[in-house]
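my_file_32.pdb (PDB, C-alpha atoms and all ligand atoms)
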ATOM      1  CA  MET A  28      78.631 131.042 -16.119
ATOM      2  CA  GLU A  29      80.078 129.540 -19.321
ATOM      3  CA  VAL A  30      83.420 130.374 -20.895
ATOM      4  CA  ASP A  31      84.067 128.703 -24.226
ATOM      5  CA  GLY A  32      87.187 128.969 -26.369
ATOM      6  CA  LEU A  33      88.164 132.332 -24.853
ATOM      7  CA  VAL A  34      91.103 134.125 -26.496
ATOM      8  CA  ARG A  35      92.696 137.438 -25.515
ATOM      9  CA  ARG A  36      95.842 138.847 -27.111
ATOM     10  CA  TYR A  37      98.070 141.736 -26.093
ATOM     11  CA  GLY A  38     100.097 142.495 -29.237
ATOM     12  CA  ASP A  39     102.137 139.368 -29.967
ATOM     13  CA  LEU A  40     101.325 137.815 -26.613
ATOM     14  CA  THR A  41      98.352 135.443 -26.375
ATOM     15  CA  ALA A  42      97.464 135.824 -22.695
ATOM     16  CA  VAL A  43      94.358 133.594 -22.932
ATOM     17  CA  ASP A  44      94.512 130.893 -25.557
ATOM     18  CA  GLY A  45      91.225 129.015 -26.048
ATOM     19  CA  LEU A  46      90.131 128.695 -22.423
ATOM     20  CA  SER A  47      86.869 126.922 -21.513
ATOM     21  CA  PHE A  48      85.143 126.175 -18.216
ATOM     22  CA  THR A  49      81.706 126.377 -16.634
ATOM     23  CA  LEU A  50      80.660 127.527 -13.194
ATOM     24  CA  PRO A  51      77.187 126.232 -12.245
ATOM     25  CA  ARG A  52      75.032 128.605 -10.173
ATOM     26  CA  GLY A  53      75.717 128.494  -6.464
ATOM     27  CA  GLN A  54      79.059 126.746  -6.793
ATOM     28  CA  MET A  55      82.581 127.881  -6.051
ATOM     29  CA  LEU A  56      85.229 127.470  -8.725
ATOM     30  CA  ALA A  57      88.927 128.124  -8.110
ATOM     31  CA  LEU A  58      91.113 129.249 -11.007
ATOM     32  CA  LEU A  59      94.695 128.238 -10.250
ATOM     33  CA  GLY A  60      97.843 128.841 -12.234
ATOM     34  CA  PRO A  61     101.336 130.335 -12.126
ATOM     35  CA  ASN A  62     101.953 134.090 -12.390
ATOM     36  CA  GLY A  63     101.097 135.257 -15.885
ATOM     37  CA  ALA A  64      98.952 132.184 -16.701
ATOM     38  CA  GLY A  65      96.040 134.391 -17.793
ATOM     39  CA  LYS A  66      93.755 134.176 -14.749
ATOM     40  CA  THR A  67      93.257 137.905 -14.123
ATOM     41  CA  THR A  68      92.706 138.533 -17.837
ATOM     42  CA  THR A  69      90.030 135.818 -17.896
ATOM     43  CA  VAL A  70      88.326 137.174 -14.789
ATOM     44  CA  GLU A  71      88.364 140.743 -16.167
ATOM     45  CA  ILE A  72      86.636 139.522 -19.331
ATOM     46  CA  CYS A  73      84.010 137.663 -17.270
ATOM     47  CA  GLU A  74      83.386 140.859 -15.263
ATOM     48  CA  GLY A  75      82.926 142.840 -18.474
ATOM     49  CA  PHE A  76      86.022 145.020 -17.982
ATOM     50  CA  ALA A  77      87.872 143.647 -20.999
ATOM     51  CA  ARG A  78      86.798 142.500 -24.428
ATOM     52  CA  PRO A  79      87.583 138.978 -25.672
ATOM     53  CA  ASP A  80      89.313 138.575 -29.055
ATOM     54  CA  ALA A  81      87.528 135.265 -29.674
ATOM     55  CA  GLY A  82      85.307 132.785 -27.893
ATOM     56  CA  THR A  83      82.055 133.202 -26.008
ATOM     57  CA  VAL A  84      81.394 134.146 -22.413
ATOM     58  CA  ARG A  85      77.973 134.092 -20.713
ATOM     59  CA  VAL A  86      77.697 135.310 -17.154
ATOM     60  CA  LEU A  87      74.257 135.007 -15.486
ATOM     61  CA  GLY A  88      72.979 134.490 -19.024
ATOM     62  CA  LEU A  89      74.452 137.796 -20.244
ATOM     63  CA  ASP A  90      77.298 138.795 -22.528
ATOM     64  CA  PRO A  91      79.552 140.602 -20.039
ATOM     65  CA  TRP A  92      81.069 142.976 -22.616
ATOM     66  CA  LYS A  93      77.922 143.932 -24.528
ATOM     67  CA  GLN A  94      75.548 143.806 -21.546
ATOM     68  CA  ALA A  95      77.905 145.154 -18.888
ATOM     69  CA  ALA A  96      75.365 147.675 -17.611
ATOM     70  CA  GLN A  97      72.846 144.905 -16.899
ATOM     71  CA  LEU A  98      75.453 142.589 -15.423
ATOM     72  CA  ARG A  99      77.254 145.017 -13.079
ATOM     73  CA  PRO A 100      74.496 145.357 -10.435
ATOM     74  CA  ARG A 101      74.224 141.559 -10.201
ATOM     75  CA  ILE A 102      77.897 140.770  -9.539
ATOM     76  CA  GLY A 103      80.320 141.539  -6.735
ATOM     77  CA  VAL A 104      83.952 142.182  -7.548
ATOM     78  CA  MET A 105      86.821 142.129  -5.082
ATOM     79  CA  LEU A 106      89.940 143.575  -6.637
ATOM     80  CA  GLN A 107      93.482 142.655  -5.614
ATOM     81  CA  ALA A 108      94.249 146.247  -4.669
ATOM     82  CA  GLY A 109      91.025 146.568  -2.668
ATOM     83  CA  GLY A 110      89.591 149.304  -4.878
ATOM     84  CA  ALA A 111      88.926 151.799  -2.074
ATOM     85  CA  HIS A 112      89.896 155.492  -1.959
ATOM     86  CA  GLY A 113      92.813 156.052   0.427
ATOM     87  CA  SER A 114      91.442 159.219   1.983
ATOM     88  CA  ALA A 115      87.894 157.955   2.575
ATOM     89  CA  ARG A 116      87.057 156.414   5.945
ATOM     90  CA  THR A 117      86.266 152.688   6.009
ATOM     91  CA  GLY A 118      82.598 153.154   6.912
ATOM     92  CA  GLU A 119      82.113 155.960   4.388
ATOM     93  CA  MET A 120      83.654 153.872   1.629
ATOM     94  CA  LEU A 121      81.298 150.986   2.282
ATOM     95  CA  ASP A 122      78.292 153.331   2.579
ATOM     96  CA  LEU A 123      79.227 154.839  -0.790
ATOM     97  CA  VAL A 124      79.163 151.437  -2.492
ATOM     98  CA  ALA A 125      75.955 150.482  -0.642
ATOM     99  CA  ALA A 126      74.268 153.704  -1.825
ATOM    100  CA  SER A 127      74.749 152.632  -5.436
ATOM    101  CA  SER A 128      72.989 149.298  -5.006
ATOM    102  CA  ARG A 129      69.243 148.675  -5.006
ATOM    103  CA  ASP A 130      68.944 146.487  -1.919
ATOM    104  CA  PRO A 131      72.195 146.707   0.043
ATOM    105  CA  LEU A 132      73.071 144.715   3.133
ATOM    106  CA  ASP A 133      73.223 146.632   6.400
ATOM    107  CA  THR A 134      76.726 148.118   6.316
ATOM    108  CA  ARG A 135      77.164 148.205  10.104
ATOM    109  CA  TRP A 136      76.315 144.521  10.291
ATOM    110  CA  LEU A 137      78.738 143.734   7.465
ATOM    111  CA  LEU A 138      81.564 145.711   9.112
ATOM    112  CA  ASP A 139      80.869 143.812  12.314
ATOM    113  CA  VAL A 140      80.914 140.399  10.600
ATOM    114  CA  LEU A 141      84.233 141.259   8.987
ATOM    115  CA  GLY A 142      85.750 142.521  12.247
ATOM    116  CA  LEU A 143      86.022 146.108  10.964
ATOM    117  CA  THR A 144      83.740 147.904  13.427
ATOM    118  CA  ASP A 145      86.680 149.477  15.295
ATOM    119  CA  ALA A 146      88.085 150.680  11.961
ATOM    120  CA  THR A 147      84.840 152.362  10.793
ATOM    121  CA  ARG A 148      86.291 155.881  11.144
ATOM    122  CA  THR A 149      89.832 154.964  10.082
ATOM    123  CA  PRO A 150      90.973 156.364   6.713
ATOM    124  CA  VAL A 151      91.487 153.523   4.270
ATOM    125  CA  ARG A 152      95.157 154.394   3.798
ATOM    126  CA  ARG A 153      95.754 153.744   7.512
ATOM    127  CA  LEU A 154      94.252 150.238   7.428
ATOM    128  CA  SER A 155      96.504 147.182   7.596
ATOM    129  CA  GLY A 156      96.850 145.054   4.453
ATOM    130  CA  GLY A 157      94.494 142.427   5.820
ATOM    131  CA  GLN A 158      91.921 145.077   6.798
ATOM    132  CA  VAL A 159      92.009 146.544   3.276
ATOM    133  CA  GLN A 160      91.339 143.062   1.921
ATOM    134  CA  ARG A 161      88.383 142.646   4.280
ATOM    135  CA  LEU A 162      86.987 146.038   3.262
ATOM    136  CA  GLY A 163      87.347 144.959  -0.373
ATOM    137  CA  LEU A 164      85.322 141.855   0.391
ATOM    138  CA  ALA A 165      82.670 143.912   2.202
ATOM    139  CA  MET A 166      82.421 146.169  -0.871
ATOM    140  CA  ALA A 167      81.989 143.099  -3.096
ATOM    141  CA  LEU A 168      79.279 141.637  -0.835
ATOM    142  CA  VAL A 169      77.254 144.701   0.138
ATOM    143  CA  GLY A 170      75.070 144.712  -3.000
ATOM    144  CA  ARG A 171      73.861 141.097  -2.456
ATOM    145  CA  PRO A 172      75.519 139.807  -5.656
ATOM    146  CA  GLU A 173      74.388 136.641  -7.410
ATOM    147  CA  LEU A 174      77.965 135.991  -8.427
ATOM    148  CA  LEU A 175      81.186 136.985  -6.659
ATOM    149  CA  PHE A 176      84.582 137.470  -8.305
ATOM    150  CA  LEU A 177      87.432 137.213  -5.844
ATOM    151  CA  ASP A 178      91.046 137.777  -6.835
ATOM    152  CA  GLU A 179      93.298 136.266  -4.146
ATOM    153  CA  PRO A 180      90.845 137.255  -1.408
ATOM    154  CA  THR A 181      92.921 136.136   1.570
ATOM    155  CA  ALA A 182      96.382 137.218   0.367
ATOM    156  CA  GLY A 183      98.168 138.936   3.246
ATOM    157  CA  MET A 184      95.549 138.016   5.839
ATOM    158  CA  ASP A 185      96.403 136.541   9.214
ATOM    159  CA  PRO A 186      95.050 133.036   9.948
ATOM    160  CA  GLN A 187      92.131 134.387  12.019
ATOM    161  CA  ALA A 188      90.968 136.697   9.221
ATOM    162  CA  ARG A 189      91.429 133.925   6.680
ATOM    163  CA  HIS A 190      89.150 131.562   8.623
ATOM    164  CA  LEU A 191      86.589 134.333   9.001
ATOM    165  CA  VAL A 192      86.592 134.978   5.259
ATOM    166  CA  TRP A 193      86.344 131.265   4.480
ATOM    167  CA  ASP A 194      83.291 130.993   6.741
ATOM    168  CA  LEU A 195      81.735 134.022   5.074
ATOM    169  CA  LEU A 196      82.320 132.595   1.590
ATOM    170  CA  ARG A 197      80.847 129.233   2.615
ATOM    171  CA  SER A 198      77.720 130.928   3.920
ATOM    172  CA  ALA A 199      77.439 133.090   0.776
ATOM    173  CA  ARG A 200      77.603 129.920  -1.288
ATOM    174  CA  ALA A 201      75.006 128.247   0.940
ATOM    175  CA  ASP A 202      72.755 131.237   0.126
ATOM    176  CA  GLY A 203      73.144 130.392  -3.575
ATOM    177  CA  VAL A 204      75.903 132.875  -4.498
ATOM    178  CA  GLY A 205      78.260 131.583  -7.195
ATOM    179  CA  ILE A 206      81.936 132.325  -6.566
ATOM    180  CA  LEU A 207      84.852 132.540  -8.987
ATOM    181  CA  LEU A 208      88.042 132.599  -6.966
ATOM    182  CA  THR A 209      91.634 132.988  -8.052
ATOM    183  CA  THR A 210      94.218 132.017  -5.514
ATOM    184  CA  HIS A 211      97.795 130.844  -5.133
ATOM    185  CA  LEU A 212      96.916 129.130  -1.862
ATOM    186  CA  LEU A 213      96.313 125.557  -2.919
ATOM    187  CA  ASP A 214      95.070 124.515   0.508
ATOM    188  CA  GLU A 215      92.466 127.309   0.271
ATOM    189  CA  ALA A 216      91.288 125.980  -3.100
ATOM    190  CA  GLU A 217      91.283 122.412  -1.792
ATOM    191  CA  LEU A 218      89.270 123.418   1.268
ATOM    192  CA  LEU A 219      86.657 125.636  -0.381
ATOM    193  CA  ALA A 220      86.174 125.037  -4.070
ATOM    194  CA  ASP A 221      83.626 122.679  -5.600
ATOM    195  CA  ARG A 222      85.654 122.633  -8.786
ATOM    196  CA  ILE A 223      89.247 123.487  -9.642
ATOM    197  CA  VAL A 224      90.508 124.720 -12.998
ATOM    198  CA  ILE A 225      94.289 124.764 -13.451
ATOM    199  CA  VAL A 226      95.428 127.221 -16.112
ATOM    200  CA  ASP A 227      98.857 127.557 -17.704
ATOM    201  CA  HIS A 228      99.928 129.587 -20.748
ATOM    202  CA  GLY A 229      96.322 130.720 -21.199
ATOM    203  CA  ARG A 230      94.917 127.187 -21.444
ATOM    204  CA  VAL A 231      93.177 124.778 -19.101
ATOM    205  CA  VAL A 232      95.637 122.016 -18.212
ATOM    206  CA  ALA A 233      93.320 120.182 -15.790
ATOM    207  CA  SER A 234      89.908 120.586 -14.200
ATOM    208  CA  GLY A 235      87.623 118.727 -11.843
ATOM    209  CA  THR A 236      86.990 118.292  -8.153
ATOM    210  CA  THR A 237      90.009 117.956  -5.871
ATOM    211  CA  GLU A 238      89.169 114.255  -5.542
ATOM    212  CA  GLU A 239      89.121 113.806  -9.316
ATOM    213  CA  LEU A 240      92.394 115.668  -9.752
ATOM    214  CA  THR A 241      94.230 113.767  -7.035
ATOM    215  CA  ALA A 242      92.693 110.348  -7.802
ATOM    216  CA  GLY A 243      94.869 107.435  -8.769
ATOM    217  CA  GLN A 244      96.054 104.200  -7.295
ATOM    218  CA  GLU A 245      98.562 104.753  -4.507
ATOM    219  CA  ARG A 246     101.748 102.753  -4.954
ATOM    220  CA  THR A 247     103.469 103.149  -1.614
ATOM    221  CA  LEU A 248     102.611 102.804   2.035
ATOM    222  CA  ARG A 249     105.006 103.973   4.736
ATOM    223  CA  PHE A 250     105.058 103.488   8.458
ATOM    224  CA  GLY A 251     107.404 103.830  11.379
ATOM    225  CA  ALA A 252     108.089 101.050  13.936
ATOM    226  CA  PRO A 253     111.046  99.784  15.999
ATOM    227  CA  THR A 254     114.084  98.879  13.888
ATOM    228  CA  ALA A 255     114.871  95.471  12.418
ATOM    229  CA  LEU A 256     111.397  93.920  12.603
ATOM    230  CA  ASP A 257     111.162  90.432  11.108
ATOM    231  CA  LEU A 258     109.257  91.234   7.909
ATOM    232  CA  ALA A 259     108.787  87.630   6.757
ATOM    233  CA  PRO A 260     105.249  87.284   8.225
ATOM    234  CA  LEU A 261     104.200  90.530   6.548
ATOM    235  CA  ARG A 262     105.577  89.378   3.180
ATOM    236  CA  THR A 263     103.640  86.132   3.538
ATOM    237  CA  ALA A 264     100.432  87.909   4.491
ATOM    238  CA  LEU A 265     100.532  90.300   1.503
ATOM    239  CA  PRO A 266      99.520  89.202  -2.022
ATOM    240  CA  ASP A 267     102.213  88.312  -4.574
ATOM    241  CA  GLY A 268     103.977  91.244  -6.186
ATOM    242  CA  PHE A 269     104.283  93.366  -3.034
ATOM    243  CA  VAL A 270     107.732  94.467  -1.928
ATOM    244  CA  VAL A 271     108.424  95.207   1.728
ATOM    245  CA  SER A 272     111.608  96.903   2.914
ATOM    246  CA  GLU A 273     113.183  98.976   5.670
ATOM    247  CA  PRO A 274     114.995 101.679   3.652
ATOM    248  CA  ARG A 275     115.999 103.588   6.809
ATOM    249  CA  PRO A 276     116.218 102.173  10.328
ATOM    250  CA  GLY A 277     112.720 102.186  11.787
ATOM    251  CA  ARG A 278     111.032 103.375   8.555
ATOM    252  CA  TYR A 279     109.198 100.707   6.573
ATOM    253  CA  LEU A 280     108.027 100.786   2.973
ATOM    254  CA  VAL A 281     105.370  98.631   1.321
ATOM    255  CA  GLU A 282     105.214  98.895  -2.492
ATOM    256  CA  GLY A 283     102.329  97.568  -4.604
ATOM    257  CA  ASP A 284      98.651  98.357  -5.312
ATOM    258  CA  ILE A 285      97.748  99.831  -1.953
ATOM    259  CA  THR A 286      94.133  99.118  -0.941
ATOM    260  CA  PRO A 287      92.239  99.236   2.364
ATOM    261  CA  ALA A 288      93.075  95.519   2.688
ATOM    262  CA  THR A 289      96.802  96.377   2.549
ATOM    263  CA  MET A 290      96.316  98.770   5.460
ATOM    264  CA  ALA A 291      94.535  96.061   7.440
ATOM    265  CA  THR A 292      97.304  93.543   6.732
ATOM    266  CA  VAL A 293      99.993  95.976   7.882
ATOM    267  CA  THR A 294      98.182  96.970  11.075
ATOM    268  CA  SER A 295      97.355  93.365  12.013
ATOM    269  CA  PHE A 296     101.015  92.430  11.384
ATOM    270  CA  CYS A 297     102.042  95.235  13.754
ATOM    271  CA  ALA A 298      99.468  94.065  16.327
ATOM    272  CA  ARG A 299     100.824  90.519  16.177
ATOM    273  CA  MET A 300     104.365  91.866  16.649
ATOM    274  CA  GLY A 301     103.136  94.005  19.553
ATOM    275  CA  VAL A 302     104.391  97.252  17.966
ATOM    276  CA  MET A 303     102.614 100.529  17.345
ATOM    277  CA  PRO A 304     102.908 101.761  13.727
ATOM    278  CA  THR A 305     103.452 105.523  13.499
ATOM    279  CA  GLY A 306     102.882 107.869  10.559
ATOM    280  CA  LEU A 307     101.020 105.245   8.538
ATOM    281  CA  ASP A 308     100.794 107.055   5.213
ATOM    282  CA  ALA A 309      99.425 105.760   1.910
ATOM    283  CA  GLY A 310     101.382 108.297  -0.154
ATOM    284  CA  GLU A 311      98.211 110.262  -0.813
ATOM    285  CA  ARG A 312      98.608 112.901  -3.528
ATOM    286  CA  ARG A 313      97.686 116.458  -2.614
ATOM    287  CA  LEU A 314      96.439 119.163  -4.956
ATOM    288  CA  GLU A 315      99.882 120.780  -4.691
ATOM    289  CA  ASP A 316     101.570 117.614  -6.060
ATOM    290  CA  VAL A 317      99.209 117.559  -9.051
ATOM    291  CA  TYR A 318      99.604 121.308  -9.604
ATOM    292  CA  LEU A 319     103.412 121.112  -9.633
ATOM    293  CA  GLU A 320     103.374 118.050 -11.904
ATOM    294  CA  LEU A 321     101.202 119.922 -14.410
ATOM    295  CA  THR A 322     102.766 123.384 -14.288
ATOM    296  CA  GLY A 323     106.373 122.472 -13.415
ATOM    297  CA  ARG A 324     108.645 123.842 -10.733
ATOM    298  CA  ALA A 325     110.255 126.622 -12.767
ATOM    299  CA  LEU A 326     109.641 130.158 -11.538
ATOM    300  CA  ARG A 327     107.467 132.340 -13.810
ATOM    301  CA  GLY A 328     108.155 135.913 -14.784
TER     302      GLY A 328
HETATM  303  N1  LIG B 401      97.136 145.200 -20.406
HETATM  304  C1  LIG B 401      98.097 144.341 -20.734
HETATM  305  N2  LIG B 401      98.984 144.626 -21.698
HETATM  306  C2  LIG B 401      99.951 143.747 -22.063
HETATM  307  N3  LIG B 401     100.120 142.543 -21.490
HETATM  308  C3  LIG B 401      99.287 142.204 -20.509
HETATM  309  C4  LIG B 401      98.237 143.076 -20.078
HETATM  310  N4  LIG B 401      97.555 142.447 -19.074
HETATM  311  C5  LIG B 401      98.149 141.251 -18.889
HETATM  312  N5  LIG B 401      99.190 141.087 -19.745
HETATM  313  C6  LIG B 401     100.052 139.894 -19.860
HETATM  314  O1  LIG B 401      99.211 138.772 -20.065
HETATM  315  C7  LIG B 401      99.704 137.626 -19.379
HETATM  316  C8  LIG B 401      98.634 137.076 -18.463
HETATM  317  O2  LIG B 401      98.477 137.979 -17.368
HETATM  318  P1  LIG B 401      97.400 137.773 -16.214
HETATM  319  O3  LIG B 401      97.479 138.979 -15.343
HETATM  320  O4  LIG B 401      96.100 137.425 -16.793
HETATM  321  O5  LIG B 401      97.997 136.512 -15.438
HETATM  322  P2  LIG B 401      97.604 135.904 -14.029
HETATM  323  O6  LIG B 401      97.422 134.443 -14.265
HETATM  324  O7  LIG B 401      96.473 136.639 -13.437
HETATM  325  O8  LIG B 401      98.919 136.141 -13.163
HETATM  326  P3  LIG B 401      99.111 136.471 -11.557
HETATM  327  O9  LIG B 401      99.020 135.149 -10.874
HETATM  328  O10 LIG B 401     100.508 137.005 -11.529
HETATM  329  O11 LIG B 401      98.070 137.462 -11.147
HETATM  330  C9  LIG B 401     100.976 138.078 -18.676
HETATM  331  O12 LIG B 401     102.083 137.720 -19.461
HETATM  332  C10 LIG B 401     100.805 139.594 -18.581
HETATM  333  O13 LIG B 401     102.065 140.223 -18.568
END

So that I can check it, write out the structure of this file as structure tokens.
Ligand SMILES: Nc1ncnc2c1ncn2[C@@H]1O[C@H](COP(=O)(O)OP(=O)(O)OP(=O)(O)O)[C@@H](O)[C@H]1O
Amino acid sequence: MEVDGLVRRYGDLTAVDGLSFTLPRGQMLALLGPNGAGKTTTVEICEGFARPDAGTVRVLGLDPWKQAAQLRPRIGVMLQAGGAHGSARTGEMLDLVAASSRDPLDTRWLLDVLGLTDATRTPVRRLSGGQVQRLGLAMALVGRPELLFLDEPTAGMDPQARHLVWDLLRSARADGVGILLTTHLLDEAELLADRIVIVDHGRVVASGTTEELTAGQERTLRFGAPTALDLAPLRTALPDGFVVSEPRPGRYLVEGDITPATMATVTSFCARMGVMPTGLDAGERRLEDVYLELTGRALRG
């Protein structure tokens, strides 16, 4: 899937402002961004539900707006609201979607995999929030899509359901299914996605693998040990330019270009002193740190 220079306006508002990214077949890409960043608008255009004002979009080699009828049977869409009729029963709803696809998965098997067998005869409106989400995922998967669009798929799910869904998405990807995921759960993106695209104000502000986004030389190393250690041997053992201090009793800080050799020096110093370092931490940046640096901490409307 290729999105190039995508623009979408609503009156005076430019919701998507020249957005570009690619999703290779069989990979999982996470679109991240604050509320109102333009993610849903982008995904709707890729699904063929909305028309772009400018730019080009190719999904499975097709133009999603002009060739929507050809594209639809090849993609699976999981909507935030679930997309199921409230009065239909869970099993009936899934059967209905299955009946409209050429080679559907076995619906009983799918309900079982998603832990919905006991809810087969339950009207959709009586399902819990997490069950509705799982039904939505079943509806997206039942037609054996080549590409899956998932809008916050695990929002409102308990940890058990979330792990189940993650496993299911990993096995779909292993079967060659491409996945475009939007999520506000940065640990979910970090855990699952091959590539991350961070969007703000309708533009890409960063993209790459988690490792690429969080890369950079660490500048601090912290560890805990008994208070008032004699730090002179550690200072001697470290290269010039390193600063070693005990900013709080029992918490030690090493500042400089932290490398594996720095770690080794610190642990062998501790061994010589006969102390056990605790919480040895090289100030590793997480996706959340990068995300907040790029998009700020201010709340969005
Ligand atoms: N049909 C519409 N008419 C007018 N404005 C719209 C319409 N759809 C979206 N917008 C506006 O476009 C902007 C982008 O919205 P969009 O739903 O794409 O953001 P999002 O990144 O998906 O946000 P969220 O994380 O809250 O789902 C927002 O300011 C939104 O209010």

Exercise for review: Counting only C-alpha atoms, select every polymer residue within 6 Å of (109.3, 96.3, 16.9) as defined in the file's coordinates, and provide the selection as a PyMOL selection string.
Suggested key: chain A and resi 252-253+256+302

Practice item. Check which residues satisfy the PyMOL selection byres (((chain A and resi 28) around 8) and not hetatm) in the file shown, then give them as a ChimeraX atom specification. Key: /A:29-30,49-52,84-88

Practice item. Take the PyMOL selection byres (((chain A and resi 150-158) around 12) and not hetatm), apply it to the structure above, and return the hits as a PyMOL selection string. Key: chain A and resi 107-121+138+141-149+159-165+179-189+191-192

Could the residues in this selection be saved with C-alpha atoms as a PDB file, keeping the file's coordinate frame?
ATOM      1  CA  GLN A 107      93.482 142.655  -5.614  1.00  0.00           C
ATOM      2  CA  ALA A 108      94.249 146.247  -4.669  1.00  0.00           C
ATOM      3  CA  GLY A 109      91.025 146.568  -2.668  1.00  0.00           C
ATOM      4  CA  GLY A 110      89.591 149.304  -4.878  1.00  0.00           C
ATOM      5  CA  ALA A 111      88.926 151.799  -2.074  1.00  0.00           C
ATOM      6  CA  HIS A 112      89.896 155.492  -1.959  1.00  0.00           C
ATOM      7  CA  GLY A 113      92.813 156.052   0.427  1.00  0.00           C
ATOM      8  CA  SER A 114      91.442 159.219   1.983  1.00  0.00           C
ATOM      9  CA  ALA A 115      87.894 157.955   2.575  1.00  0.00           C
ATOM     10  CA  ARG A 116      87.057 156.414   5.945  1.00  0.00           C
ATOM     11  CA  THR A 117      86.266 152.688   6.009  1.00  0.00           C
ATOM     12  CA  GLY A 118      82.598 153.154   6.912  1.00  0.00           C
ATOM     13  CA  GLU A 119      82.113 155.960   4.388  1.00  0.00           C
ATOM     14  CA  MET A 120      83.654 153.872   1.629  1.00  0.00           C
ATOM     15  CA  LEU A 121      81.298 150.986   2.282  1.00  0.00           C
ATOM     16  CA  LEU A 138      81.564 145.711   9.112  1.00  0.00           C
ATOM     17  CA  LEU A 141      84.233 141.259   8.987  1.00  0.00           C
ATOM     18  CA  GLY A 142      85.750 142.521  12.247  1.00  0.00           C
ATOM     19  CA  LEU A 143      86.022 146.108  10.964  1.00  0.00           C
ATOM     20  CA  THR A 144      83.740 147.904  13.427  1.00  0.00           C
ATOM     21  CA  ASP A 145      86.680 149.477  15.295  1.00  0.00           C
ATOM     22  CA  ALA A 146      88.085 150.680  11.961  1.00  0.00           C
ATOM     23  CA  THR A 147      84.840 152.362  10.793  1.00  0.00           C
ATOM     24  CA  ARG A 148      86.291 155.881  11.144  1.00  0.00           C
ATOM     25  CA  THR A 149      89.832 154.964  10.082  1.00  0.00           C
ATOM     26  CA  VAL A 159      92.009 146.544   3.276  1.00  0.00           C
ATOM     27  CA  GLN A 160      91.339 143.062   1.921  1.00  0.00           C
ATOM     28  CA  ARG A 161      88.383 142.646   4.280  1.00  0.00           C
ATOM     29  CA  LEU A 162      86.987 146.038   3.262  1.00  0.00           C
ATOM     30  CA  GLY A 163      87.347 144.959  -0.373  1.00  0.00           C
ATOM     31  CA  LEU A 164      85.322 141.855   0.391  1.00  0.00           C
ATOM     32  CA  ALA A 165      82.670 143.912   2.202  1.00  0.00           C
ATOM     33  CA  GLU A 179      93.298 136.266  -4.146  1.00  0.00           C
ATOM     34  CA  PRO A 180      90.845 137.255  -1.408  1.00  0.00           C
ATOM     35  CA  THR A 181      92.921 136.136   1.570  1.00  0.00           C
ATOM     36  CA  ALA A 182      96.382 137.218   0.367  1.00  0.00           C
ATOM     37  CA  GLY A 183      98.168 138.936   3.246  1.00  0.00           C
ATOM     38  CA  MET A 184      95.549 138.016   5.839  1.00  0.00           C
ATOM     39  CA  ASP A 185      96.403 136.541   9.214  1.00  0.00           C
ATOM     40  CA  PRO A 186      95.050 133.036   9.948  1.00  0.00           C
ATOM     41  CA  GLN A 187      92.131 134.387  12.019  1.00  0.00           C
ATOM     42  CA  ALA A 188      90.968 136.697   9.221  1.00  0.00           C
ATOM     43  CA  ARG A 189      91.429 133.925   6.680  1.00  0.00           C
ATOM     44  CA  LEU A 191      86.589 134.333   9.001  1.00  0.00           C
ATOM     45  CA  VAL A 192      86.592 134.978   5.259  1.00  0.00           C
TER      46      VAL A 192
END

**Study point:** Two-atom distance - atom CA of A:Glu74, atom CA of A:Asp122 (Å)
**Key:** 22.4 Å

Review point. Which residues form the shell of 8 Å around ligand LIG 401 (chain B) when you count only C-alpha atoms and all ligand atoms, given as JSON, numbers by chain?
Key: {"A": [36, 37, 38, 40, 41, 42, 43, 59, 60, 61, 62, 63, 64, 65, 66, 67, 68, 69, 210, 211, 226, 227, 228, 229, 328]}

Point to revise | Closest of A:Val231, A:Asp194, A:Ala95, A:Asp80 to A:Ser47 - atom-to-atom distances counting only C-alpha atoms | key: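 So, comparing all the options, the nearest one is A:Val231.
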
Given 5 Å of margin on each side, can you work out the centre and size in Å (one decimal) of an axis-aligned box holding every listed atom of stretch 169-177 of chain A, as JSON?
{"center_x": 80.6, "center_y": 140.4, "center_z": -4.1, "size_x": 23.6, "size_y": 18.7, "size_z": 18.6}

Check your understanding: Could you write out as a ChimeraX atom specification the residues that the PyMOL selection byres (((chain A and resi 206) around 7) and not hetatm) matches in the shown file?
Key -> /A:54-56,174-176,204-205,207-208

Check your understanding: Restricting the calculation to only C-alpha atoms, which member of A:Cys73, A:Leu326, A:Leu212, A:Ala167 is positioned closest to A:Trp92?
Key ->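 Comparing A:Cys73, A:Leu326, A:Leu212, A:Ala167 against A:Trp92, the winner is A:Cys73.
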
Exercise for review: Return the single residue from A:Ala242, A:Asp202, A:Leu58, A:Glu215 that is closest to A:Asp178, with distances computed using only C-alpha atoms.
Suggested key: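 Among the listed residues, the smallest separation from A:Asp178 belongs to A:Leu58.
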
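Interatomic distance, atom CA of A:Thr241 against atom CA of A:Pro287: 17.4 Å.
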
**Study point:** One-decimal distance in Å that lies between atom CA of A:Leu314 and atom CA of A:Gly103
**Key:**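 A separation of 27.6 Å between them.
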
Practice item. Go through A:Ser198, A:Thr292, A:Ser272, A:Thr237 and flag the residue nearest A:Asp257, using all atoms listed in the file for the distances. Key: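 Of A:Ser198, A:Thr292, A:Ser272, A:Thr237, the one nearest A:Asp257, counting all atoms listed in the file, is A:Ser272.
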